[in-house]
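One file, data32.cif, is given below (mmCIF, C-alpha atoms and all ligand atoms).
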```cif
data_model
#
loop_
_atom_site.label_atom_id
_atom_site.label_comp_id
_atom_site.auth_asym_id
_atom_site.auth_seq_id
_atom_site.Cartn_x
_atom_site.Cartn_y
_atom_site.Cartn_z
CA MET A 1 -81.00 57.15 88.68
CA ASP A 2 -84.32 56.71 90.38
CA PRO A 3 -84.58 59.67 92.77
CA SER A 4 -86.32 57.66 95.44
CA ASN A 5 -83.47 55.16 95.42
CA HIS A 6 -81.03 57.98 95.72
CA ARG A 7 -82.85 59.35 98.74
CA LEU A 8 -83.06 55.95 100.30
CA GLY A 9 -79.33 55.55 99.80
CA GLU A 10 -78.69 58.82 101.55
CA THR A 11 -80.83 57.76 104.43
CA LEU A 12 -79.06 54.50 104.89
CA MET A 13 -75.84 56.40 105.24
CA HIS A 14 -77.14 57.90 108.46
CA PHE A 15 -79.25 55.09 109.73
CA LEU A 16 -78.37 51.44 109.72
CA ASP A 17 -80.32 48.75 111.44
CA GLN A 18 -78.24 45.75 110.61
CA ALA A 19 -74.57 45.00 110.42
CA LYS A 20 -72.30 41.99 110.25
CA ILE A 21 -69.17 42.15 112.33
CA PHE A 22 -66.21 39.99 113.27
CA VAL A 23 -65.25 39.67 116.92
CA ARG A 24 -62.29 38.00 118.54
CA SER A 25 -61.29 37.71 122.17
CA GLY A 26 -57.66 38.11 123.19
CA ALA A 27 -55.29 35.15 123.30
CA GLY A 28 -53.69 34.36 126.63
CA GLY A 29 -50.08 35.46 127.08
CA PRO A 30 -47.34 32.79 127.04
CA GLY A 31 -45.89 31.48 130.27
CA ALA A 32 -42.25 32.39 130.89
CA VAL A 33 -39.19 30.17 131.21
CA SER A 34 -36.86 31.74 133.70
CA PHE A 35 -34.47 30.76 136.51
CA ARG A 36 -33.41 32.72 139.51
CA ARG A 37 -29.83 33.84 139.34
CA GLU A 38 -28.83 35.07 142.74
CA LYS A 39 -25.37 35.77 143.91
CA PHE A 40 -25.49 33.68 147.07
CA VAL A 41 -27.94 30.99 145.99
CA GLU A 42 -26.18 28.09 144.36
CA PHE A 43 -29.04 26.75 142.28
CA GLY A 44 -31.63 29.32 141.38
CA GLY A 45 -35.02 27.69 141.01
CA PRO A 46 -37.44 28.14 138.11
CA ASP A 47 -39.36 31.39 138.42
CA GLY A 48 -41.12 31.88 135.09
CA GLY A 49 -44.54 33.38 135.73
CA ASP A 50 -47.79 32.55 133.97
CA GLY A 51 -49.09 34.51 131.03
CA GLY A 52 -51.99 36.93 131.50
CA LYS A 53 -55.54 36.18 130.40
CA GLY A 54 -56.72 37.62 127.09
CA GLY A 55 -59.48 40.21 127.02
CA ASP A 56 -63.15 39.22 126.69
CA VAL A 57 -65.48 40.61 124.06
CA ILE A 58 -68.46 42.23 125.78
CA PHE A 59 -71.49 43.97 124.33
CA GLU A 60 -73.20 46.72 126.25
CA ALA A 61 -76.47 48.52 125.49
CA VAL A 62 -76.12 52.26 125.98
CA SER A 63 -78.53 55.16 125.73
CA GLY A 64 -78.09 57.93 123.21
CA LEU A 65 -77.45 55.69 120.22
CA ASN A 66 -80.19 54.81 117.79
CA THR A 67 -78.39 53.47 114.78
CA LEU A 68 -75.77 50.84 114.00
CA ILE A 69 -74.11 53.17 111.51
CA ASP A 70 -70.74 53.03 113.29
CA PHE A 71 -70.53 49.35 112.38
CA ARG A 72 -70.52 50.20 108.72
CA TYR A 73 -67.10 51.75 109.14
CA THR A 74 -65.59 49.37 111.67
CA GLN A 75 -66.37 45.72 111.23
CA HIS A 76 -63.52 43.98 112.99
CA PHE A 77 -63.19 43.99 116.74
CA ARG A 78 -60.40 42.34 118.68
CA ALA A 79 -59.83 42.34 122.40
CA ALA A 80 -56.24 42.68 123.63
CA ARG A 81 -53.93 39.69 124.16
CA GLY A 82 -52.65 38.81 127.59
CA LYS A 83 -49.04 39.79 128.24
CA GLY A 84 -46.41 37.10 128.68
CA GLY A 85 -45.32 36.04 132.13
CA SER A 86 -41.81 36.95 133.27
CA GLY A 87 -39.12 36.07 135.75
CA SER A 88 -39.48 36.43 139.51
CA ASN A 89 -42.83 34.64 139.15
CA ARG A 90 -44.46 37.65 137.65
CA THR A 91 -47.78 36.90 135.97
CA GLY A 92 -48.34 38.78 132.72
CA ALA A 93 -50.93 41.53 132.69
CA GLY A 94 -54.36 40.53 131.45
CA GLY A 95 -55.49 41.97 128.11
CA ASP A 96 -58.18 44.62 128.46
CA ASP A 97 -61.72 43.48 127.75
CA LEU A 98 -63.23 45.00 124.66
CA VAL A 99 -66.61 46.58 125.39
CA ILE A 100 -68.62 47.18 122.24
CA LYS A 101 -71.36 49.75 122.76
CA VAL A 102 -74.62 49.21 120.92
CA PRO A 103 -77.99 50.98 120.97
CA VAL A 104 -80.68 49.71 123.30
CA GLY A 105 -82.82 47.29 121.29
CA THR A 106 -79.89 45.59 119.56
CA GLN A 107 -80.11 41.88 118.98
CA LEU A 108 -77.06 39.67 118.47
CA LEU A 109 -77.59 36.89 115.97
CA ALA A 110 -75.37 34.01 114.91
CA ASP A 111 -74.17 33.92 111.31
CA ASP A 112 -75.97 30.64 110.66
CA ASP A 113 -78.89 29.85 108.40
CA GLU A 114 -81.38 30.32 111.18
CA ARG A 115 -79.78 33.54 112.41
CA THR A 116 -80.03 32.12 115.90
CA LEU A 117 -80.71 34.78 118.47
CA LEU A 118 -77.78 34.99 120.87
CA ALA A 119 -78.92 37.94 122.91
CA ASP A 120 -81.37 40.80 122.98
CA LEU A 121 -80.07 43.88 124.75
CA THR A 122 -83.19 45.75 125.75
CA THR A 123 -82.20 47.83 128.77
CA VAL A 124 -79.57 50.49 129.28
CA GLY A 125 -76.44 49.00 130.82
CA GLN A 126 -77.35 45.42 129.92
CA ARG A 127 -74.23 43.47 129.06
CA LEU A 128 -73.38 40.21 127.36
CA SER A 129 -69.96 38.66 127.58
CA LEU A 130 -69.93 36.90 124.22
CA LEU A 131 -66.36 35.62 123.92
CA LYS A 132 -63.98 34.72 126.72
CA GLY A 133 -60.34 35.66 126.44
CA GLY A 134 -57.86 32.77 126.32
CA LEU A 135 -56.19 31.70 129.55
CA GLY A 136 -52.56 32.61 130.04
CA GLY A 137 -50.01 29.81 129.59
CA ARG A 138 -48.27 28.34 132.63
CA GLY A 139 -44.77 29.52 133.33
CA ASN A 140 -42.02 27.04 134.09
CA ALA A 141 -42.18 27.79 137.83
CA SER A 142 -45.48 25.93 137.96
CA TYR A 143 -43.90 22.74 136.62
CA LYS A 144 -41.43 22.35 139.43
CA THR A 145 -41.74 19.02 141.24
CA SER A 146 -39.56 17.14 143.66
CA THR A 147 -38.09 15.16 140.79
CA ASN A 148 -37.85 17.97 138.28
CA ARG A 149 -36.33 20.94 139.96
CA ALA A 150 -35.35 22.81 136.84
CA PRO A 151 -38.23 22.36 134.38
CA ARG A 152 -38.10 24.15 131.07
CA GLN A 153 -41.72 23.36 130.30
CA HIS A 154 -44.12 26.16 129.78
CA GLN A 155 -47.30 26.80 127.82
CA THR A 156 -48.09 29.26 125.13
CA GLY A 157 -51.31 31.04 125.96
CA GLU A 158 -54.69 29.70 124.97
CA ASP A 159 -56.09 31.08 121.72
CA GLY A 160 -58.88 33.61 121.76
CA GLU A 161 -62.29 32.75 120.34
CA GLU A 162 -63.65 34.34 117.19
CA MET A 163 -66.87 34.54 115.24
CA TRP A 164 -68.90 36.56 112.78
CA ILE A 165 -72.17 37.82 114.16
CA TRP A 166 -75.07 39.94 113.00
CA LEU A 167 -76.30 42.93 114.91
CA ARG A 168 -79.90 43.87 114.33
CA LEU A 169 -81.46 46.94 115.83
CA LYS A 170 -85.11 46.97 116.66
CA LEU A 171 -85.90 50.29 118.25
CA LEU A 172 -87.78 50.13 121.49
CA ALA A 173 -90.81 52.36 121.68
CA ASP A 174 -94.19 52.27 123.38
CA VAL A 175 -96.18 53.43 120.39
CA GLY A 176 -95.51 52.75 116.70
CA LEU A 177 -96.89 55.23 114.17
CA VAL A 178 -98.19 53.64 111.00
CA GLY A 179 -100.11 54.92 108.03
CA LEU A 180 -99.87 55.71 104.35
CA PRO A 181 -97.26 58.22 103.25
CA ASN A 182 -98.37 61.79 103.86
CA ALA A 183 -100.86 60.77 106.56
CA GLY A 184 -99.37 63.27 108.98
CA LYS A 185 -97.33 60.88 111.13
CA SER A 186 -94.26 63.07 111.44
CA THR A 187 -96.39 66.17 111.98
CA PHE A 188 -98.04 64.38 114.89
CA LEU A 189 -94.70 63.21 116.29
CA ASN A 190 -93.34 66.75 116.18
CA SER A 191 -96.39 68.27 117.77
CA VAL A 192 -96.48 65.98 120.79
CA THR A 193 -92.82 65.07 121.34
CA ASN A 194 -89.38 66.64 121.44
CA ALA A 195 -88.63 65.27 117.96
CA SER A 196 -88.05 67.43 114.92
CA ALA A 197 -88.85 65.05 112.12
CA LYS A 198 -88.94 66.26 108.56
CA VAL A 199 -92.43 67.07 107.31
CA GLY A 200 -93.36 67.48 103.66
CA GLU A 201 -96.42 67.71 101.49
CA TYR A 202 -95.22 64.77 99.42
CA PRO A 203 -95.08 61.03 100.10
CA PHE A 204 -91.97 59.42 101.58
CA THR A 205 -90.76 62.46 103.44
CA THR A 206 -89.67 60.17 106.23
CA LEU A 207 -86.95 57.81 105.13
CA ARG A 208 -85.74 56.47 108.41
CA PRO A 209 -87.31 55.63 111.74
CA GLN A 210 -87.25 58.29 114.38
CA LEU A 211 -88.11 58.33 118.05
CA GLY A 212 -89.78 61.03 120.10
CA VAL A 213 -90.67 61.19 123.76
CA VAL A 214 -93.88 62.68 125.10
CA ARG A 215 -94.71 63.28 128.77
CA HIS A 216 -98.39 63.06 129.45
CA LYS A 217 -100.13 62.81 132.83
CA GLY A 218 -96.98 61.71 134.59
CA ARG A 219 -96.16 59.04 132.05
CA GLU A 220 -93.44 58.99 129.50
CA LEU A 221 -94.25 57.57 126.10
CA VAL A 222 -91.71 56.80 123.41
CA ILE A 223 -93.21 57.07 119.95
CA ALA A 224 -91.58 55.64 116.83
CA ASP A 225 -92.27 57.27 113.47
CA ILE A 226 -91.47 55.14 110.44
CA PRO A 227 -91.72 55.70 106.68
CA GLY A 228 -95.19 55.41 105.18
CA LEU A 229 -96.51 52.09 103.92
CA ILE A 230 -98.18 51.61 100.55
CA GLU A 231 -99.93 48.69 98.97
CA GLY A 232 -97.35 46.01 98.23
CA ALA A 233 -94.86 47.30 100.82
CA ALA A 234 -94.43 43.72 102.01
CA GLU A 235 -93.16 42.91 98.48
CA GLY A 236 -90.88 45.93 98.49
CA ALA A 237 -93.11 48.66 97.02
CA GLY A 238 -92.22 52.18 98.14
CA ILE A 239 -89.65 51.98 100.86
CA GLY A 240 -91.01 48.54 101.55
CA ASP A 241 -91.56 47.02 104.92
CA ARG A 242 -87.97 46.95 106.10
CA PHE A 243 -88.63 49.49 108.80
CA LEU A 244 -91.65 47.70 110.21
CA GLY A 245 -89.25 45.79 112.43
CA HIS A 246 -88.98 48.98 114.43
CA VAL A 247 -92.61 48.82 115.49
CA GLU A 248 -92.49 45.08 116.21
CA ARG A 249 -91.72 45.67 119.85
CA THR A 250 -94.05 48.55 120.55
CA GLY A 251 -96.94 48.09 122.93
CA LEU A 252 -99.43 49.41 120.42
CA LEU A 253 -99.84 50.95 117.02
CA LEU A 254 -101.22 54.41 116.37
CA HIS A 255 -102.69 54.22 112.91
CA LEU A 256 -103.11 57.63 111.29
CA VAL A 257 -105.49 58.00 108.38
CA ASP A 258 -105.63 61.24 106.39
CA ALA A 259 -109.23 62.43 106.71
CA SER A 260 -108.82 64.64 103.65
CA SER A 261 -107.65 61.84 101.38
CA GLN A 262 -109.76 60.39 98.56
CA ASP A 263 -110.78 57.23 100.36
CA PRO A 264 -109.80 57.10 104.03
CA LEU A 265 -111.46 53.74 104.54
CA GLU A 266 -109.41 52.16 101.78
CA ALA A 267 -106.27 53.85 103.14
CA TRP A 268 -106.88 52.17 106.48
CA ARG A 269 -107.46 48.79 104.78
CA VAL A 270 -104.28 48.99 102.71
CA VAL A 271 -102.14 49.56 105.78
CA ARG A 272 -103.91 46.81 107.71
CA GLY A 273 -103.19 44.51 104.77
CA GLU A 274 -99.49 45.33 104.86
CA LEU A 275 -99.29 44.80 108.62
CA ASP A 276 -100.91 41.45 108.06
CA SER A 277 -98.52 40.34 105.32
CA TYR A 278 -95.51 41.46 107.36
CA GLY A 279 -96.43 39.06 110.17
CA ALA A 280 -94.41 39.08 113.40
CA GLY A 281 -97.60 39.70 115.33
CA LEU A 282 -98.08 43.23 113.97
CA ALA A 283 -101.65 42.62 112.88
CA GLY A 284 -102.56 41.43 116.34
CA LYS A 285 -101.16 44.45 118.15
CA PRO A 286 -103.60 46.79 119.83
CA GLU A 287 -104.41 49.57 117.39
CA VAL A 288 -105.56 53.09 118.10
CA ILE A 289 -107.01 54.80 115.03
CA ALA A 290 -107.08 58.53 114.40
CA LEU A 291 -108.25 60.56 111.45
CA SER A 292 -105.63 63.26 110.90
CA LYS A 293 -106.00 66.60 109.12
CA ALA A 294 -109.50 66.94 110.55
CA ASP A 295 -109.23 70.69 109.93
CA LEU A 296 -109.28 70.12 106.17
CA VAL A 297 -112.63 68.38 106.06
CA ASP A 298 -116.06 69.82 106.82
CA ALA A 299 -117.74 68.54 109.93
CA LYS A 300 -120.41 66.54 108.18
CA GLN A 301 -118.01 64.71 105.92
CA LEU A 302 -115.69 64.07 108.85
CA ALA A 303 -118.44 62.53 110.94
CA LYS A 304 -119.41 60.29 108.04
CA THR A 305 -115.85 59.10 107.49
CA ALA A 306 -115.33 58.48 111.20
CA LYS A 307 -118.51 56.47 111.40
CA ALA A 308 -117.61 54.30 108.42
CA LEU A 309 -114.14 53.68 109.81
CA GLU A 310 -115.53 52.79 113.23
CA LYS A 311 -117.84 50.31 111.62
CA ALA A 312 -115.07 48.72 109.58
CA SER A 313 -112.55 48.55 112.42
CA GLY A 314 -114.86 47.98 115.34
CA ALA A 315 -112.86 50.55 117.27
CA LYS A 316 -113.32 54.14 118.36
CA VAL A 317 -111.85 56.60 115.88
CA PHE A 318 -110.17 59.77 117.16
CA LEU A 319 -110.20 63.03 115.23
CA ILE A 320 -107.10 65.18 115.32
CA SER A 321 -105.46 68.18 113.80
CA ALA A 322 -101.88 68.31 114.96
CA PRO A 323 -101.08 71.83 113.66
CA LEU A 324 -104.17 73.23 115.43
CA ASP A 325 -103.53 71.09 118.50
CA GLU A 326 -107.06 69.73 118.33
CA GLY A 327 -108.06 66.32 119.61
CA ILE A 328 -104.57 65.58 120.87
CA GLU A 329 -105.33 65.32 124.60
CA PRO A 330 -108.00 62.62 124.33
CA LEU A 331 -105.80 60.71 121.91
CA LEU A 332 -102.83 60.74 124.29
CA ASP A 333 -105.17 59.68 127.12
CA ALA A 334 -106.28 56.75 125.00
CA LEU A 335 -102.70 55.76 124.17
CA ILE A 336 -101.78 55.71 127.84
CA GLY A 337 -104.94 53.81 128.72
CA ARG A 338 -104.41 51.17 126.08
CA LEU A 339 -100.73 50.92 126.80
CA GLY A 340 -101.35 50.12 130.45
CA LYS A 341 -103.40 47.16 129.33
CA ALA A 342 -101.02 46.18 126.55
CA THR A 343 -98.05 46.21 128.94
CA ALA A 344 -99.85 43.90 131.35
CA GLU A 345 -100.50 41.48 128.49
CA ALA A 346 -96.92 41.71 127.26
CA VAL A 347 -95.63 40.91 130.74
CA GLU A 348 -97.81 37.79 130.76
CA ASP A 349 -96.49 36.80 127.33
CA ALA A 350 -92.91 37.39 128.35
CA THR A 351 -93.15 35.28 131.47
CA ALA A 352 -94.57 32.47 129.36
CA GLU A 353 -91.49 32.56 127.14
CA ARG A 354 -88.51 30.37 127.81
CA PRO A 355 -85.60 32.31 129.30
CA TRP A 356 -82.75 32.93 126.96
CA SER A 357 -79.56 31.02 127.58
CA PRO A 358 -76.23 32.01 126.07
CA LEU A 359 -75.11 30.05 122.99
N1 LIG B 401 -103.96 70.89 107.44
C1 LIG B 401 -103.26 69.90 107.99
N2 LIG B 401 -102.14 69.48 107.40
C2 LIG B 401 -101.45 68.47 107.98
C3 LIG B 401 -101.87 67.87 109.19
N3 LIG B 401 -100.99 66.90 109.50
C4 LIG B 401 -100.06 66.90 108.53
N4 LIG B 401 -100.33 67.85 107.63
C5 LIG B 401 -99.56 68.11 106.37
O1 LIG B 401 -99.54 66.91 105.60
C6 LIG B 401 -98.31 66.75 104.93
C7 LIG B 401 -97.69 65.43 105.28
O2 LIG B 401 -97.30 65.42 106.65
P1 LIG B 401 -96.16 64.50 107.23
O3 LIG B 401 -96.22 64.66 108.70
O4 LIG B 401 -94.88 64.72 106.54
O5 LIG B 401 -96.75 63.07 106.80
P2 LIG B 401 -96.10 61.63 107.05
O6 LIG B 401 -97.22 60.70 107.36
O7 LIG B 401 -95.02 61.71 108.05
O8 LIG B 401 -95.54 61.30 105.61
P3 LIG B 401 -94.35 60.30 105.17
O9 LIG B 401 -93.19 60.61 106.02
O10 LIG B 401 -94.13 60.65 103.76
O11 LIG B 401 -94.88 58.93 105.35
C8 LIG B 401 -97.46 67.95 105.34
O12 LIG B 401 -97.57 68.93 104.33
C9 LIG B 401 -98.12 68.43 106.63
O13 LIG B 401 -97.93 69.81 106.85
C10 LIG B 401 -103.09 68.35 109.78
O14 LIG B 401 -103.54 67.87 110.82
N5 LIG B 401 -103.71 69.37 109.16
MG MG B 402 -93.09 61.29 107.89
#
```

Conversion result in structure tokens:
Amino acid sequence: MDPSNHRLGETLMHFLDQAKIFVRSGAGGPGAVSFRREKFVEFGGPDGGDGGKGGDVIFEAVSGLNTLIDFRYTQHFRAARGKGGSGSNRTGAGGDDLVIKVPVGTQLLADDDERTLLADLTTVGQRLSLLKGGLGGRGNASYKTSTNRAPRQHQTGEDGEEMWIWLRLKLLADVGLVGLPNAGKSTFLNSVTNASAKVGEYPFTTLRPQLGVVRHKGRELVIADIPGLIEGAAEGAGIGDRFLGHVERTGLLLHLVDASSQDPLEAWRVVRGELDSYGAGLAGKPEVIALSKADLVDAKQLAKTAKALEKASGAKVFLISAPLDEGIEPLLDALIGRLGKATAEAVEDATAERPWSPL
């Protein structure tokens, strides 16, 4: 067995960013057929109550979750049925709504060819009531008229609704870390945030996306670390590009290039190429570039590399050494600076978009 496949398999057991599930709302309870039987009343009237309403299926985005892994084990979700009505005009109890908790950043997609987007739950506490529970059936009391004083009519409850849907998680972060494997992305994440990502001196140490939070100058930044990209990732090479979706919604990309590598300029180009072939606007995202492992290269060489990279990218290139905590402050300043601008642009984009309407 290919060891990298094995490791990927292990990873997917703990992290899952898409799942297909079946949901059904509760059916309404049946209406009752009942007549009053009272000792001193000659003809007891109809008193069958209505059935209760079935439970709705509701999705709610909650904090503290960052994988859809639970949906690998449970794929069927059914809200409770309404209870039947009963005598003495008692309406049946409504079935409880089923609230399905999902991580912030979860999208709900229809199981059609287009994978139509049904909802995008991007803030904590955001809810979507996807399926309505069936209405309870009418009890016979409600059929009483002046001409029919003892109706036996009643309704069974309305059926619930059901559907298969896809859940897709796209983590929400301010900054997405990209670079070749071994560029020092996880080392950087660990040094500036509360994260404790695995670091290794070999490629593909990181097998699943991870978030970290950094507080800098009164601002909170969420940084997403994803597995390294290699040439051909868009066609599935290495771990492929399947995790790039997690940087799709970041305000900007922090592109780390290993200053001590053979050809840093080419390393930068390869990753740019993969961002380009992935699409989804990644190539057009604001990019902050930093040469990592600056401590491993002599000053002259470093300056030369930085200059070449600045020329190729047309952007300022930061120099950092995460283990020595060098160059980190100015880099974080730049991230915050660029993010302020990027957010303003994103707000403009978002207001230009058509509002989402359910189904
Ligand atoms: N000397 C030095 N070593 C570094 C620096 N940053 C990272 N490293 C080392 O480089 C190796 C790779 O670091 P990681 O942080 O795992 O790299 P990565 O980009 O997350 O790699 P993948 O997860 O495989 O994509 C590790 O051995 C780190 O200790 C640095 O600034 N200076
Ligand atoms: Mg890593």

**Message:** To check your reading of the model: which residues sit at most 7 Å from ligand LIG 401 (chain B) when counting all atoms listed in the file? Write the answer as JSON, numbers by chain.
**Reply:** {"A": [179, 180, 181, 182, 183, 184, 185, 186, 187, 188, 198, 199, 200, 201, 202, 203, 204, 205, 206, 207, 227, 228, 292, 293, 294, 295, 296, 320, 321, 322, 323]}

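Going from atom CA of Thr250 of chain A over to atom CA of Asp174 of chain A, you cover 4.7 Å.
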
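Relative to atom CA of Gly134 of chain A, atom CA of Ser34 of chain A is found at 22.3 Å.
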
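With all atoms listed in the file as the basis for measurement, A:Leu177 is the residue among A:Leu109, A:Leu302, A:Leu177, A:Leu324 that approaches ligand MG 402 (chain B) most closely.
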
**Complete:** Shortest contact to Ala280 of chain A, candidates A:Asp96, A:Glu310, A:Asp113, A:Asp241, atoms counted only C-alpha atoms, goes to A:Asp241

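In terms of minimum interatomic distance to Gln126 of chain A, A:Pro103 ranks closest within A:Gly64, A:Gly26, A:Pro103, A:Gly45, counting all atoms listed in the file.
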
**Item:** Distance in Å - atom CA of Gln262 of chain A versus atom CA of Ala237 of chain A
**Value:** 20.4 Å

**Asked** Which of these residues is nearest to Tyr73 of chain A, using all atoms listed in the file: A:Leu135, A:Ser146, A:Asp258, A:Ile21?
**Response** A:Ile21

**Asked** Neighbours of Gly55 of chain A within 8 Å (only C-alpha atoms; same-chain residues fewer than 6 positions away dropped), as a PyMOL selection string?
**Response** chain A and resi 25-27+79-82+94-98+132-134

**Request:** Please identify all polymer residues within 12 Å of Leu331 of chain A, counting all atoms listed in the file, omitting same-chain residues fewer than 6 positions from it, and present them as a PyMOL selection string.
**Result:** chain A and resi 188+192+216+254-256+288-292+316-322+325+337-338

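The nearest approach to ligand MG 402 (chain B) among the residues A:Leu189, A:Ala267, A:Val213, A:His246, with only C-alpha atoms and all ligand atoms taken into account, belongs to A:Leu189.
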
**Fill in**
If you count all atoms listed in the file, the residue of A:Ala19, A:Val62, A:Ala197, A:Val222 closest to ligand MG 402 (chain B) turns out to be A:Ala197
